[in-house]
$ cat final_27.txt   # compact mmCIF, C-alpha atoms and all ligand atoms
# COMPACT_ATOMS: atom_id res chain seq x y z
CA THR A 63 101.44 -151.67 82.93
CA ASP A 64 99.66 -148.55 81.75
CA LEU A 65 98.02 -150.21 78.75
CA ASP A 66 94.60 -148.90 77.87
CA PRO A 67 91.71 -151.38 78.28
CA GLU A 68 91.17 -151.78 74.51
CA THR A 69 94.81 -152.73 73.90
CA ARG A 70 94.79 -155.10 76.86
CA GLU A 71 91.67 -156.79 75.52
CA MET A 72 93.22 -157.21 72.06
CA ILE A 73 96.30 -158.82 73.60
CA GLU A 74 94.05 -161.30 75.42
CA ARG A 75 92.14 -162.06 72.21
CA ARG A 76 95.43 -162.63 70.36
CA LYS A 77 96.49 -165.14 72.99
CA ALA A 78 93.16 -166.92 72.83
CA LEU A 79 92.88 -166.94 69.03
CA LEU A 80 96.45 -167.15 67.71
CA GLY A 81 97.89 -169.37 70.43
CA PRO A 82 101.14 -169.33 72.37
CA ALA A 83 103.82 -169.16 69.64
CA TYR A 84 103.36 -165.50 68.69
CA ARG A 85 105.39 -162.66 70.26
CA LEU A 86 104.80 -158.92 70.36
CA PHE A 87 107.42 -156.21 70.19
CA TYR A 88 108.09 -153.95 73.23
CA ASP A 89 107.16 -153.98 76.93
CA LYS A 90 104.23 -151.79 75.89
CA PRO A 91 102.98 -153.41 72.64
CA LEU A 92 101.89 -151.22 69.78
CA HIS A 93 98.55 -151.24 68.00
CA LEU A 94 99.16 -149.85 64.53
CA VAL A 95 96.48 -148.93 62.06
CA ARG A 96 98.21 -147.28 59.08
CA GLY A 97 101.53 -146.32 57.57
CA GLU A 98 102.93 -143.75 55.18
CA GLY A 99 106.54 -143.27 54.10
CA ALA A 100 108.78 -143.65 57.16
CA TRP A 101 105.84 -143.22 59.54
CA LEU A 102 103.43 -145.56 61.31
CA PHE A 103 100.28 -144.46 63.12
CA ASP A 104 98.58 -146.02 66.13
CA GLN A 105 94.87 -146.23 66.91
CA GLU A 106 94.93 -142.69 68.31
CA ASP A 107 96.74 -141.42 65.21
CA ASN A 108 100.04 -140.85 67.06
CA ALA A 109 102.95 -140.94 64.57
CA TYR A 110 105.91 -143.29 65.10
CA LEU A 111 109.17 -142.97 63.18
CA ASP A 112 109.85 -146.41 61.72
CA ALA A 113 113.56 -147.17 61.95
CA TYR A 114 113.11 -150.93 61.84
CA ASN A 115 110.80 -152.32 59.18
CA ASN A 116 112.69 -153.54 56.13
CA VAL A 117 109.75 -155.13 54.38
CA THR A 118 108.27 -151.77 53.47
CA SER A 119 111.74 -150.70 52.52
CA ILE A 120 110.71 -148.04 49.99
CA GLY A 121 108.25 -146.53 52.49
CA HIS A 122 104.95 -147.73 53.88
CA CYS A 123 102.18 -147.96 51.30
CA HIS A 124 104.25 -146.51 48.47
CA PRO A 125 101.62 -145.22 46.00
CA LYS A 126 103.37 -146.71 42.95
CA VAL A 127 103.37 -150.19 44.48
CA VAL A 128 99.78 -149.86 45.70
CA GLU A 129 98.71 -148.84 42.22
CA ALA A 130 100.67 -151.61 40.51
CA ILE A 131 99.13 -154.26 42.78
CA ALA A 132 95.60 -152.92 42.38
CA THR A 133 95.86 -152.52 38.61
CA GLN A 134 97.27 -156.00 38.02
CA ALA A 135 94.74 -157.58 40.42
CA GLY A 136 92.05 -156.09 38.19
CA ILE A 137 93.55 -157.55 35.00
CA LEU A 138 94.90 -161.02 35.75
CA ALA A 139 96.12 -162.87 38.81
CA THR A 140 97.36 -166.25 37.77
CA ASN A 141 100.33 -168.55 38.02
CA THR A 142 103.51 -169.60 36.25
CA ARG A 143 101.94 -172.46 34.28
CA TYR A 144 100.76 -169.94 31.72
CA ILE A 145 102.99 -167.72 29.62
CA HIS A 146 103.18 -164.19 30.97
CA GLY A 147 105.56 -161.49 29.83
CA SER A 148 106.08 -159.55 33.05
CA ILE A 149 107.79 -162.40 34.92
CA LEU A 150 110.30 -162.67 32.09
CA ASP A 151 111.00 -158.94 32.01
CA TYR A 152 111.39 -158.88 35.78
CA ALA A 153 113.64 -161.97 35.92
CA GLU A 154 115.81 -160.51 33.17
CA ARG A 155 116.11 -157.21 35.00
CA LEU A 156 116.99 -158.85 38.31
CA LEU A 157 119.51 -161.24 36.79
CA ASN A 158 121.20 -158.25 35.17
CA THR A 159 121.99 -156.97 38.68
CA MET A 160 123.77 -160.23 39.58
CA PRO A 161 127.20 -161.63 38.66
CA ASP A 162 127.25 -163.15 35.14
CA GLU A 163 127.53 -166.70 36.53
CA ILE A 164 123.98 -166.52 37.92
CA GLY A 165 121.47 -167.23 35.17
CA HIS A 166 118.07 -168.41 36.46
CA MET A 167 115.46 -166.87 38.73
CA MET A 168 112.88 -169.02 40.57
CA PHE A 169 109.99 -167.48 42.51
CA THR A 170 108.57 -168.25 45.95
CA CYS A 171 106.33 -166.41 48.42
CA THR A 172 108.53 -166.01 51.50
CA GLY A 173 112.18 -165.94 52.47
CA SER A 174 111.80 -169.27 54.28
CA ASP A 175 110.30 -170.77 51.16
CA ALA A 176 113.26 -169.43 49.11
CA ASN A 177 115.86 -170.85 51.52
CA ASP A 178 114.02 -174.18 51.61
CA LEU A 179 114.19 -174.41 47.82
CA ALA A 180 117.83 -173.25 47.72
CA VAL A 181 118.79 -175.97 50.20
CA ARG A 182 116.98 -178.64 48.20
CA ILE A 183 118.86 -177.56 45.08
CA ALA A 184 122.20 -177.39 46.91
CA GLN A 185 121.76 -180.82 48.48
CA ALA A 186 120.65 -182.38 45.20
CA TYR A 187 123.60 -180.84 43.33
CA THR A 188 126.30 -181.76 45.85
CA GLY A 189 124.81 -185.09 46.91
CA GLY A 190 125.59 -183.95 50.46
CA LEU A 191 123.52 -182.93 53.47
CA GLY A 192 125.95 -180.97 55.63
CA ILE A 193 125.18 -177.31 56.40
CA VAL A 194 127.34 -174.65 58.05
CA VAL A 195 125.77 -171.46 59.50
CA THR A 196 126.70 -168.79 62.02
CA GLU A 197 125.70 -169.45 65.61
CA THR A 198 122.89 -166.87 65.82
CA ALA A 199 121.74 -167.14 62.21
CA TYR A 200 118.11 -166.89 61.16
CA HIS A 201 117.03 -168.27 57.81
CA GLY A 202 113.35 -169.13 58.29
CA ILE A 203 110.60 -171.36 59.59
CA THR A 204 110.10 -174.45 57.44
CA GLN A 205 111.13 -177.78 58.95
CA SER A 206 114.36 -177.95 56.97
CA VAL A 207 115.25 -174.27 57.43
CA SER A 208 114.42 -174.15 61.16
CA GLU A 209 117.02 -176.91 61.62
CA PHE A 210 119.72 -174.39 60.69
CA SER A 211 118.22 -171.25 62.26
CA PRO A 212 119.75 -171.21 65.77
CA SER A 213 118.29 -167.79 66.60
CA LEU A 214 114.80 -169.36 66.77
CA GLY A 215 115.75 -170.19 70.35
CA ALA A 216 117.55 -172.65 72.56
CA ASN A 217 114.57 -175.00 72.47
CA VAL A 218 114.76 -175.55 68.71
CA ASP A 219 117.03 -178.46 67.88
CA LEU A 220 119.54 -177.99 65.09
CA GLY A 221 119.79 -180.89 62.66
CA PRO A 222 122.50 -183.53 63.11
CA HIS A 223 123.81 -182.41 59.70
CA VAL A 224 124.26 -178.77 60.88
CA ARG A 225 127.37 -177.12 62.36
CA THR A 226 127.60 -173.54 63.63
CA VAL A 227 130.53 -171.14 63.55
CA PRO A 228 131.00 -167.99 65.69
CA ALA A 229 129.83 -164.73 64.11
CA PRO A 230 132.48 -162.68 62.26
CA ASP A 231 132.94 -160.23 65.13
CA ALA A 232 135.61 -157.67 64.18
CA TYR A 233 134.77 -155.61 67.29
CA ARG A 234 136.12 -158.34 69.54
CA GLN A 235 138.51 -160.16 67.22
CA GLY A 236 140.05 -157.23 65.37
CA GLU A 237 142.25 -158.03 62.38
CA ASP A 238 142.19 -161.76 63.07
CA MET A 239 138.47 -161.99 62.40
CA ALA A 240 138.54 -162.88 58.67
CA ALA A 241 141.12 -165.63 59.13
CA ASN A 242 139.28 -166.92 62.23
CA PHE A 243 136.01 -167.01 60.33
CA ALA A 244 137.46 -168.88 57.35
CA ALA A 245 139.22 -171.35 59.68
CA ALA A 246 135.98 -171.96 61.60
CA VAL A 247 134.05 -172.70 58.38
CA GLU A 248 136.83 -175.07 57.24
CA ALA A 249 136.86 -176.84 60.63
CA ALA A 250 133.05 -177.14 60.65
CA PHE A 251 133.03 -178.87 57.26
CA ALA A 252 135.91 -181.11 58.37
CA ASP A 253 133.88 -182.08 61.44
CA LEU A 254 130.86 -182.93 59.28
CA LYS A 255 133.05 -185.17 57.10
CA ARG A 256 134.52 -186.86 60.16
CA HIS A 257 130.98 -187.79 61.13
CA GLY A 258 130.30 -189.21 57.69
CA ILE A 259 128.20 -186.25 56.56
CA LYS A 260 129.03 -184.93 53.10
CA PRO A 261 129.13 -181.10 52.86
CA ALA A 262 126.29 -179.44 50.94
CA LEU A 263 126.26 -175.74 51.70
CA PHE A 264 127.46 -172.72 53.61
CA ILE A 265 124.73 -170.11 54.07
CA CYS A 266 125.02 -166.65 55.57
CA ASP A 267 123.13 -163.42 55.22
CA GLY A 268 124.86 -160.44 53.61
CA ILE A 269 125.27 -158.47 56.85
CA PHE A 270 124.93 -161.13 59.58
CA ALA A 271 121.79 -159.40 60.81
CA SER A 272 120.65 -161.61 63.68
CA ASP A 273 124.25 -162.32 64.71
CA GLY A 274 124.67 -158.62 65.55
CA VAL A 275 125.08 -156.73 62.23
CA PHE A 276 128.65 -157.43 61.11
CA ASP A 277 129.32 -155.48 57.94
CA GLY A 278 133.05 -155.59 57.58
CA PRO A 279 135.77 -155.14 56.80
CA ARG A 280 134.85 -155.34 53.12
CA GLY A 281 135.91 -158.57 51.47
CA PHE A 282 136.27 -160.56 54.70
CA LEU A 283 133.76 -163.16 53.54
CA LYS A 284 135.94 -164.46 50.70
CA GLY A 285 138.04 -166.79 52.83
CA ALA A 286 134.97 -168.49 54.28
CA VAL A 287 133.37 -168.92 50.86
CA ASP A 288 136.63 -170.37 49.49
CA ALA A 289 136.73 -172.79 52.45
CA ALA A 290 133.16 -173.91 51.68
CA HIS A 291 134.00 -174.48 48.02
CA ALA A 292 137.18 -176.36 48.94
CA ALA A 293 135.05 -178.69 51.08
CA GLY A 294 132.77 -179.38 48.09
CA ALA A 295 129.90 -177.24 49.39
CA VAL A 296 128.06 -174.42 47.62
CA TYR A 297 127.58 -170.90 48.99
CA ILE A 298 124.08 -169.53 49.45
CA ALA A 299 123.90 -165.75 49.91
CA ASP A 300 120.77 -165.03 51.96
CA GLU A 301 119.83 -161.52 50.84
CA VAL A 302 116.40 -161.52 52.51
CA GLN A 303 117.58 -158.79 54.90
CA SER A 304 120.52 -157.21 53.12
CA GLY A 305 119.20 -157.14 49.56
CA PHE A 306 117.51 -154.49 47.43
CA GLY A 307 119.84 -151.57 48.16
CA ARG A 308 119.81 -151.59 51.93
CA THR A 309 123.58 -151.81 52.41
CA GLY A 310 124.03 -148.67 50.37
CA ASP A 311 126.64 -149.31 47.75
CA ALA A 312 125.08 -152.01 45.62
CA LEU A 313 121.76 -153.79 45.30
CA TRP A 314 123.09 -156.90 47.12
CA GLY A 315 124.92 -157.27 50.41
CA PHE A 316 127.31 -159.94 49.11
CA GLN A 317 128.65 -157.40 46.61
CA ARG A 318 130.52 -155.74 49.46
CA HIS A 319 132.71 -158.84 49.44
CA ASP A 320 134.69 -160.20 46.53
CA VAL A 321 132.50 -163.30 46.16
CA VAL A 322 130.16 -164.90 43.63
CA PRO A 323 127.36 -166.91 45.26
CA ASP A 324 126.08 -170.17 43.83
CA LEU A 325 122.56 -169.28 44.94
CA VAL A 326 121.05 -166.00 46.15
CA THR A 327 117.83 -165.96 48.16
CA MET A 328 115.69 -162.85 48.55
CA GLY A 329 112.33 -161.75 49.94
CA LYS A 330 111.09 -159.22 52.50
CA PRO A 331 111.48 -155.84 50.70
CA MET A 332 111.11 -157.41 47.25
CA GLY A 333 107.38 -156.53 47.10
CA ASN A 334 107.33 -153.77 49.77
CA GLY A 335 104.70 -155.72 51.71
CA TYR A 336 103.26 -157.95 49.01
CA PRO A 337 104.58 -161.50 49.58
CA VAL A 338 107.10 -162.19 46.83
CA ALA A 339 110.47 -163.90 47.22
CA GLY A 340 112.85 -165.99 45.17
CA VAL A 341 116.08 -167.78 44.41
CA ALA A 342 118.67 -166.75 41.83
CA VAL A 343 120.91 -169.63 40.87
CA ARG A 344 123.80 -170.70 38.68
CA PRO A 345 122.21 -172.75 35.86
CA GLU A 346 124.44 -175.80 36.34
CA LEU A 347 123.18 -176.28 39.90
CA VAL A 348 119.56 -176.64 38.89
CA GLU A 349 119.95 -178.53 35.62
CA GLU A 350 119.54 -182.07 36.93
CA PHE A 351 117.13 -180.93 39.67
CA GLY A 352 114.85 -179.50 36.99
CA ARG A 353 115.06 -182.58 34.81
CA LYS A 354 114.05 -184.88 37.65
CA ALA A 355 111.16 -182.93 39.14
CA ARG A 356 108.90 -180.08 38.19
CA TYR A 357 108.87 -176.91 40.27
CA PHE A 358 105.55 -175.20 40.83
CA ASN A 359 104.67 -172.72 43.57
CA THR A 360 101.01 -171.68 43.31
CA PHE A 361 101.48 -168.06 44.36
CA GLY A 362 105.20 -167.71 43.76
CA GLY A 363 105.75 -165.40 40.80
CA ASN A 364 102.04 -164.81 40.19
CA ALA A 365 101.24 -161.80 38.02
CA VAL A 366 100.29 -159.55 40.95
CA ALA A 367 103.50 -160.43 42.84
CA ILE A 368 105.56 -159.58 39.79
CA ALA A 369 103.71 -156.26 39.36
CA ALA A 370 104.55 -155.35 42.97
CA ALA A 371 108.19 -156.43 42.60
CA THR A 372 108.59 -154.54 39.33
CA ALA A 373 107.22 -151.35 40.89
CA VAL A 374 109.64 -151.75 43.83
CA LEU A 375 112.62 -152.02 41.50
CA ASP A 376 111.37 -149.01 39.51
CA VAL A 377 111.21 -146.96 42.71
CA ILE A 378 114.61 -148.08 44.04
CA GLU A 379 116.22 -147.13 40.73
CA GLY A 380 114.06 -144.11 39.92
CA GLU A 381 114.34 -142.48 43.34
CA GLY A 382 118.04 -143.35 43.84
CA LEU A 383 117.29 -145.22 47.06
CA THR A 384 120.53 -147.23 47.17
CA GLU A 385 122.45 -143.95 47.09
CA ASN A 386 120.10 -142.50 49.70
CA ALA A 387 120.74 -145.51 51.95
CA ARG A 388 124.48 -144.90 51.62
CA GLU A 389 124.25 -141.17 52.30
CA ILE A 390 121.71 -141.10 55.10
CA GLY A 391 123.13 -144.29 56.60
CA ALA A 392 126.56 -142.66 56.88
CA TYR A 393 125.01 -139.51 58.37
CA LEU A 394 123.06 -141.52 60.94
CA GLN A 395 126.07 -143.69 61.77
CA ASP A 396 128.27 -140.60 62.28
CA GLY A 397 125.59 -139.06 64.48
CA ILE A 398 125.37 -142.14 66.69
CA ARG A 399 129.16 -142.42 66.87
CA ALA A 400 129.34 -138.78 68.02
CA ARG A 401 127.20 -139.75 71.03
CA ALA A 402 129.69 -142.43 72.13
CA GLU A 403 132.05 -139.90 73.72
CA ALA A 404 129.49 -138.83 76.32
CA HIS A 405 127.91 -142.28 76.67
CA PRO A 406 130.29 -145.10 77.60
CA CYS A 407 127.50 -147.65 77.11
CA ILE A 408 128.03 -147.29 73.34
CA GLY A 409 130.77 -149.83 72.67
CA ASP A 410 130.71 -150.03 68.88
CA VAL A 411 128.81 -148.42 66.02
CA ARG A 412 128.84 -150.33 62.75
CA GLY A 413 126.84 -151.22 59.68
CA ALA A 414 126.47 -150.48 55.99
CA GLY A 415 123.95 -148.18 54.37
CA LEU A 416 120.73 -148.09 56.34
CA PHE A 417 121.50 -151.23 58.33
CA LEU A 418 123.18 -150.22 61.59
CA GLY A 419 124.22 -152.10 64.71
CA VAL A 420 125.09 -150.35 67.96
CA GLU A 421 126.74 -152.51 70.60
CA ILE A 422 125.66 -151.64 74.15
CA VAL A 423 128.16 -152.59 76.86
CA SER A 424 128.48 -152.19 80.64
CA ASP A 425 132.29 -151.99 80.49
CA ARG A 426 133.81 -150.48 77.40
CA ALA A 427 137.33 -151.85 77.97
CA ALA A 428 136.09 -155.39 78.60
CA LYS A 429 133.34 -155.03 75.92
CA THR A 430 130.83 -156.65 78.30
CA PRO A 431 127.41 -157.05 76.62
CA ASP A 432 124.61 -155.21 78.44
CA ALA A 433 121.28 -156.74 77.43
CA ALA A 434 119.38 -154.92 80.19
CA ALA A 435 120.50 -151.45 79.03
CA THR A 436 119.78 -152.47 75.42
CA SER A 437 116.21 -153.31 76.34
CA VAL A 438 115.84 -150.01 78.21
CA ILE A 439 116.98 -148.13 75.08
CA VAL A 440 114.71 -150.07 72.70
CA ASN A 441 111.69 -149.59 74.97
CA GLY A 442 112.69 -146.00 75.74
CA LEU A 443 112.77 -145.17 72.04
CA ARG A 444 109.36 -146.76 71.65
CA GLU A 445 108.08 -144.36 74.35
CA GLU A 446 109.66 -141.58 72.27
CA ARG A 447 107.74 -142.99 69.28
CA VAL A 448 110.80 -144.23 67.43
CA LEU A 449 110.85 -147.91 66.48
CA ILE A 450 113.95 -150.14 66.50
CA SER A 451 114.80 -153.56 67.94
CA ALA A 452 117.79 -155.56 69.20
CA CYS A 453 119.75 -158.59 68.05
CA SER A 454 122.85 -160.78 68.68
CA LYS A 455 123.53 -163.88 70.74
CA THR A 456 123.85 -161.69 73.86
CA HIS A 457 120.85 -159.44 72.96
CA ASN A 458 122.90 -156.26 73.29
CA VAL A 459 123.05 -154.84 69.77
CA LEU A 460 120.59 -152.16 68.73
CA LYS A 461 119.31 -153.11 65.29
CA ILE A 462 118.52 -149.94 63.35
CA ARG A 463 117.09 -150.56 59.90
CA PRO A 464 114.97 -147.67 58.64
CA PRO A 465 113.20 -147.61 55.28
CA LEU A 466 115.45 -146.54 52.42
CA VAL A 467 113.40 -143.35 52.02
CA PHE A 468 114.70 -142.08 55.40
CA THR A 469 115.67 -138.42 55.09
CA ARG A 470 118.29 -136.33 56.88
CA GLU A 471 115.41 -134.81 58.86
CA ASN A 472 114.26 -138.32 59.90
CA ALA A 473 117.84 -139.11 60.99
CA ASP A 474 117.88 -135.92 63.09
CA GLN A 475 114.52 -136.92 64.62
CA PHE A 476 115.99 -140.31 65.48
CA LEU A 477 119.11 -138.76 67.03
CA ALA A 478 117.09 -136.30 69.13
CA ALA A 479 115.03 -139.16 70.57
CA PHE A 480 118.19 -141.24 71.07
CA ASP A 481 119.70 -138.34 73.08
CA ARG A 482 116.65 -138.14 75.34
CA VAL A 483 116.75 -141.89 76.01
CA LEU A 484 120.52 -141.98 76.61
CA ALA A 485 120.19 -139.08 79.07
CA ARG A 486 117.67 -141.10 81.07
CA ILE A 487 119.78 -144.27 81.35
CA LYS A 488 122.98 -142.52 82.34
N1 LIG B 501 116.41 -165.07 55.94
C1 LIG B 501 116.64 -163.98 56.69
C2 LIG B 501 118.04 -163.44 56.77
C3 LIG B 501 115.59 -163.37 57.37
O1 LIG B 501 115.82 -162.29 58.12
C4 LIG B 501 114.28 -163.90 57.27
C5 LIG B 501 113.10 -163.27 57.98
N2 LIG B 501 113.37 -162.55 59.13
C6 LIG B 501 114.10 -165.04 56.50
C7 LIG B 501 115.18 -165.59 55.83
C8 LIG B 501 112.75 -165.69 56.37
O2 LIG B 501 111.89 -164.90 55.63
P1 LIG B 501 110.29 -165.06 55.78
O3 LIG B 501 109.91 -164.55 57.13
O4 LIG B 501 109.75 -164.24 54.65
O5 LIG B 501 109.99 -166.51 55.62
$ encode --input "final_27.txt" --output "structure tokens"
Amino acid sequence: TDLDPETREMIERRKALLGPAYRLFYDKPLHLVRGEGAWLFDQEDNAYLDAYNNVTSIGHCHPKVVEAIATQAGILATNTRYIHGSILDYAERLLNTMPDEIGHMMFTCTGSDANDLAVRIAQAYTGGLGIVVTETAYHGITQSVSEFSPSLGANVDLGPHVRTVPAPDAYRQGEDMAANFAAAVEAAFADLKRHGIKPALFICDGIFASDGVFDGPRGFLKGAVDAAHAAGAVYIADEVQSGFGRTGDALWGFQRHDVVPDLVTMGKPMGNGYPVAGVAVRPELVEEFGRKARYFNTFGGNAVAIAAATAVLDVIEGEGLTENAREIGAYLQDGIRARAEAHPCIGDVRGAGLFLGVEIVSDRAAKTPDAAATSVIVNGLREERVLISACSKTHNVLKIRPPLVFTRENADQFLAAFDRVLARIK
């Protein structure tokens, strides 16, 4: 490849120092040195439009978050075994955004850590072990969570207590999808019971991100959640990707469906880059759990984490970023859909707010996934200095997930680059 010698040397050092489990994005990996708003800059100060990173969801290095972190780090940085007011104010504020049934907030450092805790609580409450997930789900990296994260790869074994169901694919299943999805969840729990495994939980993320970004139709999730409850399992809404305004009409992805989760896990954009994550839970689920064992997470909910998270919520509310996600997301989605007429490789354009999926196919009538063309588009956009990635079981869905501060001008910049790349692959 045409990598410069410095980049090539850094890739070699990574391999030598970090070992074989790490992966880089893109055929031509990027060396980034700073970020600002929706932009990232490489070592030569070239600007890249970030249409992918949902950790820095309110924009890279947002000055209010940077200031909040720095100020609190200079005052006090300690843990939840001392009384501190800000964690209470923040928990109260966050719980006010949730359905009334959810009454406690517990803090962790990562999304994996949050899902791990949520599963422990769910299994303790139900007395069961059985878990149902979608077949390309990703929920994290701890031992317990990797056992129900099939998208980690074919070489990662799912647990014997885990069953998968096909993704809720309305593009291919049409109006039958919701009923199919509910029936699959019901059958998966029935299969667990037949094998002597008591149901514990159904977990899905609010927009089925790694499955291929399946946003709708609105309300389709209810049947699956009812099926989980009927089997004696609880429902965990994984909002690590879809939370904090991204889906455009509410703070949480599950709110697009008529459902009330038993537990909600969150992370990624919660601190805009500072590691802070957590679990919101119905009080009755954690009552006995809390009586039996203490919960302490050294860094989870520390004063600096809470300062970052508070500033993020201030910015989302103060700058109207949920509304912006809805508005600019619709504009971007319409713009991509308008390209489908001239480009038969665009099979489906979907998503909610600033979380879009574009299905790339080799035969539009047969809806044949085209992973090769998808990779050409992702890498072509990278050459155009626009960053996205791909997802789904068949690796043919463009995953477009810009920061919530994306402007109409940024959307136009994206579409202009998209046009240049589509013209090349035609
Ligand atoms: N759940 C979902 C839906 C995720 O996308 C991720 C991270 N990609 C996680 C959980 C795990 O979060 P973390 O990487 O912070 O452990």
$ closest_residue --input "final_27.txt" --among "A:Val448, A:Ala414, A:Ala180, A:Ile73" --to "ligand LIG 501 (chain B)" --atoms "all atoms listed in the file"
A:Ala180
$ residues_around --input "final_27.txt" --residues "segment 305-310 of chain A" --least-positions-apart "5" --cutoff "9 Å" --atoms "all atoms listed in the file" --output "ChimeraX atom specification"
/A:116,119,268-269,277,300,315-316,318,328-332,375,378,383-389,391,413-417,463,465-466
$ residues_around --input "final_27.txt" --residues "Leu283 of chain A" --least-positions-apart "3" --cutoff "10 Å" --atoms "all atoms listed in the file" --output "list in words"
Pro230, Ala240, Ala241, Phe243, Ala244, Cys266, Gly268, Asp277, Gly278, Pro279, Arg280, Ala286, Val287, Asp288, Phe316, Arg318, His319, Asp320 and Val321 of chain A
$ closest_residue --input "final_27.txt" --among "A:Gly285, A:Pro212, A:Gly99, A:Gly274" --to "Ala232 of chain A" --atoms "only C-alpha atoms"
A:Gly274
$ closest_residue --input "final_27.txt" --among "A:Leu418, A:Ala400, A:Ala365, A:Leu111" --to "Arg143 of chain A" --atoms "all atoms listed in the file"
A:Ala365
$ residues_around --input "final_27.txt" --residues "segment 423-439 of chain A" --least-positions-apart "2" --cutoff "7 Å" --atoms "all atoms listed in the file" --output "PyMOL selection string"
chain A and resi 406-409+421+441-443+456-460+483
$ residues_near_ligand --input "final_27.txt" --ligand "ligand LIG 501 (chain B)" --cutoff "9 Å" --atoms "only C-alpha atoms and all ligand atoms" --output "VMD selection string"
chain A and resid 171 to 177 199 to 204 207 266 to 272 300 to 304 327 to 330 337 to 339
$ closest_residue --input "final_27.txt" --among "A:Pro228, A:Pro91, A:Gly340, A:Gly121" --to "Asp178 of chain A" --atoms "only C-alpha atoms"
A:Gly340
$ residues_around --input "final_27.txt" --residues "segment 186-193 of chain A" --least-positions-apart "4" --cutoff "10 Å" --atoms "only C-alpha atoms" --output "PyMOL selection string"
chain A and resi 180-182+209-210+221-226+250-251+253-255+258-265+290+294-296+346-351
$ closest_residue --input "final_27.txt" --among "A:Asp238, A:Glu74, A:Asp112, A:Asp162" --to "Arg344 of chain A" --atoms "only C-alpha atoms"
A:Asp162
$ atom_distance --input "final_27.txt" --atom1 "atom CA of Phe282 of chain A" --atom2 "atom CA of Ala246 of chain A"
13.3 Å
$ residues_around --input "final_27.txt" --residues "Ala153 of chain A" --least-positions-apart "6" --cutoff "9 Å" --atoms "only C-alpha atoms" --output "PyMOL selection string"
chain A and resi 166-168
$ atom_distance --input "final_27.txt" --atom1 "atom CA of Lys455 of chain A" --atom2 "atom CA of Asp273 of chain A"
6.3 Å
$ atom_distance --input "final_27.txt" --atom1 "atom CA of Glu381 of chain A" --atom2 "atom CA of Gln134 of chain A"
22.4 Å
$ residues_near_point --input "final_27.txt" --point "(106.3, -154.6, 40.7)" --cutoff "10 Å" --atoms "all atoms listed in the file" --output "ChimeraX atom specification"
/A:126-131,134,148-149,152,332-334,336,338,365-377
$ write_last_selection --input "final_27.txt" --atoms "C-alpha atoms" --output "mmCIF file, keeping the file's coordinate frame"
data_model
loop_
_atom_site.group_PDB
_atom_site.id
_atom_site.type_symbol
_atom_site.label_atom_id
_atom_site.label_comp_id
_atom_site.auth_asym_id
_atom_site.auth_seq_id
_atom_site.Cartn_x
_atom_site.Cartn_y
_atom_site.Cartn_z
ATOM 1 C CA LYS A 126 103.370 -146.710 42.950
ATOM 2 C CA VAL A 127 103.370 -150.190 44.480
ATOM 3 C CA VAL A 128 99.780 -149.860 45.700
ATOM 4 C CA GLU A 129 98.710 -148.840 42.220
ATOM 5 C CA ALA A 130 100.670 -151.610 40.510
ATOM 6 C CA ILE A 131 99.130 -154.260 42.780
ATOM 7 C CA GLN A 134 97.270 -156.000 38.020
ATOM 8 C CA SER A 148 106.080 -159.550 33.050
ATOM 9 C CA ILE A 149 107.790 -162.400 34.920
ATOM 10 C CA TYR A 152 111.390 -158.880 35.780
ATOM 11 C CA MET A 332 111.110 -157.410 47.250
ATOM 12 C CA GLY A 333 107.380 -156.530 47.100
ATOM 13 C CA ASN A 334 107.330 -153.770 49.770
ATOM 14 C CA TYR A 336 103.260 -157.950 49.010
ATOM 15 C CA VAL A 338 107.100 -162.190 46.830
ATOM 16 C CA ALA A 365 101.240 -161.800 38.020
ATOM 17 C CA VAL A 366 100.290 -159.550 40.950
ATOM 18 C CA ALA A 367 103.500 -160.430 42.840
ATOM 19 C CA ILE A 368 105.560 -159.580 39.790
ATOM 20 C CA ALA A 369 103.710 -156.260 39.360
ATOM 21 C CA ALA A 370 104.550 -155.350 42.970
ATOM 22 C CA ALA A 371 108.190 -156.430 42.600
ATOM 23 C CA THR A 372 108.590 -154.540 39.330
ATOM 24 C CA ALA A 373 107.220 -151.350 40.890
ATOM 25 C CA VAL A 374 109.640 -151.750 43.830
ATOM 26 C CA LEU A 375 112.620 -152.020 41.500
ATOM 27 C CA ASP A 376 111.370 -149.010 39.510
ATOM 28 C CA VAL A 377 111.210 -146.960 42.710
#
$ closest_residue --input "final_27.txt" --among "A:Ala452, A:Ile390, A:Ala342, A:Ala402" --to "Thr170 of chain A" --atoms "only C-alpha atoms"
A:Ala342
$ decode --input "final_27.txt" --residues "segment 405-409 of chain A" --atoms "N, CA and C atoms" --output "PDB file, in the first residue's frame"
ATOM      1  N   HIS A 405     -28.412   4.706  -8.334  1.00  0.00           N
ATOM      2  CA  HIS A 405     -27.427   3.715  -7.880  1.00  0.00           C
ATOM      3  C   HIS A 405     -28.127   2.469  -7.354  1.00  0.00           C
ATOM      4  N   PRO A 406     -28.296   1.470  -8.209  1.00  0.00           N
ATOM      5  CA  PRO A 406     -29.027   0.262  -7.803  1.00  0.00           C
ATOM      6  C   PRO A 406     -28.360  -0.520  -6.674  1.00  0.00           C
ATOM      7  N   CYS A 407     -27.117  -0.198  -6.351  1.00  0.00           N
ATOM      8  CA  CYS A 407     -26.474  -0.900  -5.225  1.00  0.00           C
ATOM      9  C   CYS A 407     -27.087  -0.490  -3.877  1.00  0.00           C
ATOM     10  N   ILE A 408     -27.822   0.622  -3.849  1.00  0.00           N
ATOM     11  CA  ILE A 408     -28.464   1.040  -2.593  1.00  0.00           C
ATOM     12  C   ILE A 408     -29.805   0.311  -2.471  1.00  0.00           C
ATOM     13  N   GLY A 409     -29.852  -0.693  -1.619  1.00  0.00           N
ATOM     14  CA  GLY A 409     -31.045  -1.521  -1.507  1.00  0.00           C
ATOM     15  C   GLY A 409     -32.053  -0.971  -0.519  1.00  0.00           C
TER      16      GLY A 409
END
